[in-house]
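What follows is a short report on a single structure.
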Amino acid sequence: MPRIKPEDLAKIQETMAKTMSLRAGQARAKITVHMGTCGIAAGARKIVSAVMALLEQREEKDIILTTSGCAGLCSREPMMTVEIEGQAPVKYVDLDEAKIERIFRDHVLGGTVVTDHALAVGSERRG
Amino acid sequence: MKPYRMHLMLCGGTGCVSNKAFKVREALEKELGRHGLQEEVAVVITGCNGFCAQGPVMVVQPDQVFYQLLTEKDIPHLVEEHFLKGRPVERLMFTPPGEESPVPKMSDIGFFAKQRLIALRNRGLIDPEKIDEYIGRGGYTALAKALTAMAPEEIIAEVKKAGLRGRGGAGFPTGLKWELCRKAAGSVKHLVCNGDEGDPGAFMDRSIIESDPHSVLEGMIIGARAIGASLGYVYIRNEYPLALKRLIKAIDQAREYGLLGDDILGTGFRFDISVRRGAGAFVCGEETSLLASLQGLPPEPRVRPPFPVESGIHGEPTNINNVETWATVPEIISRGADWFAGIGTETSKGTKVFSLVGKVRNTGLVEVPMGITLREIVFDIGGGIPDDKEFKAVQTGGPSGGCIPTALLDLPIDYEKLAEVGSMMGSGGLIVMDEDTCMVDLARYFLEFLNEESCGKCTACREGIEIMCGMLTRICEGDGKEGDIELLEELARAVKDASLCGLGATAPNPVLTTIRYFRDEYEAHIRDKSCPAGVCKALFHYKIDPETCNACGACKKQCPYDAIEGEKKVVHKIDLDKCTTCGACYDACNFDAVKKVPNAEQAVVA
């Protein structure tokens with residue numbers, strides 16, 4: 001990778017906006033599985049595998065799957081955030097493989113939030 | 001307070017800020033000024049209200065008009081039409097989909113509502129193993145600004161003005177420390193990140209390094225520029241394998257991009273970071289022991305002065321700061337000192353990350369503005385005590401801190417206020433306790449830990465802690481004597497006075513604060529040979545309540561000592577001659593019939 005100059009930071013930001021934010025129109029949905037030590041200890045790796053398996057079954061490639069670090073509420077791990085274009089992100093908690101199937105089918109594909117397993121919509125105050 | 005006729009509630013949450021909400025604010029203030037409306041219409045930055053994908057969002061009060069997807073270009077028209085002429089702009093309004101969402105908003109959830117993320121600004125949003133995602137959220141722009149648009153002295157002035165104090169626990173003003181290091185004699189200077197985090201139950205630093213390692217690196221490079229350091233080290237405890245892995249990967253990626261090494265960002269500035277692992281010693285959290293360990297010497301503190309900023313690694317000026325302190329620096333440079341100083345209290349600016357653990361419903365990592373009360377943290381954010389138990393105390397500052405009882409729950413979190421009540425901020429561990437915690441046993445637990453971890457250099461710490469620990473153990477076993485409390489207090493003063501480093505100097509705090517606020521428990525242990533919380537096995541016994549027992553036999557089945565008599569339909573009874581107070585019956589009973597009676601009867605302690 002080439003060494004960057006200050007001007008390159010803005011260029012990288014723009015490129016990343018397409019994959020990190022759904023507003024730029026490249027994907028329809030984004031799933032983030034939280035993998036800090038708390039998440040991993042609670043079984044987040046199985047959750048990621050489960051989501052990957054579900055994605056493999058589909059033809060369209062319009063869903064982003066990514067991971068992040070700890071989301072803060074360690075006692076409710078494994079946690080996952082689902083964001084559909086045009087809607088606020090939803091945080092799901094206390095997950096297992098069975099719940100993932102339902103959330104994927106009903107929310108990610110169907111567009112309906114699974115209220116049984118959802119903690120909250122939106123995100124936190126930063127700055 | 002001036003009576004504004006209109007409030008513009010502009011969202012300052014993640015989604016909106018990354019879509020330039022602050023630019024919208026600037027445009028609003030400019031246009032309001034242009035029309036002379038600034039005394040009538042106030043712009044207020046709020047927390048996230050959930051509609052992030054439609055951001056920047058703004059609610060106009062008292063009209064209750066909700067605007068969305070705002071850009072700077074929209075503002076002149078909006079200000080003129082709605083705020084000056086009173087005609088809301090339909091084109092910019094939000095049309096709610098079908099129905100109200102049944103899922104609460106993040107800003108309605110107790111755990112998240114009162115938090116304000118600065119050190120944890122990227123939490124949950126980036127893959128820590130991808131540097132581009134960190135840059136995607138604005139990472140390294142503070143570094144670019146510091147290297148290209150600010151002189152080192154200006155960087156220091158900004159950090160001083162912000163009022164940032166060390167987040168490792170002692171709270172020394174960071175800008176001042178940097179200035180002292182910059183001014184110290186010598187051309188080779190070092191920078192260290194203290195990632196030892198030894199307090200039991202604390203995981204703030206682990207989480208920052210695991211989830212956002214670049215925030216720490218960026219802070220360190222900015223600090224190196226300010227101080228004039230060329231060599232940096234992250235000292236991280238070996239017990240954090242995931243954090244270590246992500247940190248090393250982040251450093252490699254930063255080097256590839258030319259953000260570390262020679263000619264950083266093409267500015268000619270040179271700085272690199274190497275990683276050093278700890279080897280399981282709590283004392284290495286103390287800066288001079290850390291420096292010794294980092295240089296391959298046995299970890300023992302030394303006399304100060306000279307302080308590390310004058311003489312540290314190889315006798316050269318060395319600036320040490322905590323992980324969280326470093327992670328906060330880029331935001332101060334990006335958003336400015338005034339923004340940071342606007343948060344918190346008079347003496348304690350900004351936010352603090354706490355690991356909220358123990359007997360509390362919502363355990364996890366919380367970042368809150370200084371000045372928030374303990375009550376808000378435990379009950380609003382933490383969700384209160386589970387199982388309807390009573391709150392008893394909260395321990396802050398780990399083994400160096402103290403416990404704070406119910407009466408002081410409205411204490412605002414602040415370096416000075418916590419010290420006034422006998423505790424300290426510490427690195428951020430917040431352990432909540434309920435009625436089932438024995439405060440004498442707690443003091444014993446912390447002293448046992450410190451006894452193991454004392455390096456042994458100072459007699460007062462080495463011998464004093466061991467003696468205090470022995471006394472507390474005896475008290476918990478029922479061998480407390482009249483005069484023990486006073487002797488503990490006297491020993492505590494000696495250990496505090498004659499210890500070279502913070503470990504010894506603060507070791508007596510758990511004992512002193514538990515005596516200060518829970519003296520009655522000590523007296524119960526010593527005089528009455530009784531443990532009111534039902535923890536010290538020698539000082540309580542189990543008894544089956546004949547009113548509640550329904551003779552199901554579950555306890556009898558579990559008892560490893562055959563100490564329970566009873567038949568079907570006959571109320572069960574514990575034979576105290578055989579009972580060892582193991583608690584198996586207490587755990588087995590589904591009817592709450594096994595009670596703890598706080599007095600030592602003739603139970604055989606195995």
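By convention here, the chains of the structure tokens are called A, B, ... in the order presented, each chain's residues are numbered starting at 1, and ligands are numbered starting at 1 in the order presented.
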Shell of 10 Å around B:Thr46, only C-alpha atoms, local chain residues under 4 positions omitted, as a list in words: Arg125 of chain A; Leu8, Met9, Leu10, Cys11, Gly12, Gly13, Met58 and Val59 of chain B
Within 8 Å of chain B: residues of chain A, using only C-alpha atoms, as a ChimeraX atom specification: /A:1-6,9,12-17,20,23,32,34,36-37,66-75,85-89,115,118-127
Strand (DSSP E or B) residues, from DSSP on the backbone, in stretch 184-263 of chain B, as a PyMOL selection string: chain B and resi 190-195+231-236+261-263
Selection: 7 Å around stretch 165-170 of chain B, only C-alpha atoms, excl. self and same-chain fewer than 4 positions, as a PyMOL selection string: chain B and resi 174+321-322+324-325+425-427
Helix (DSSP H, G or I) positions in stretch 90-189 of chain B, given as number ranges by chain: B: 90-92, 106-108, 110-113, 131-136, 141-149, 152-162, 174-183
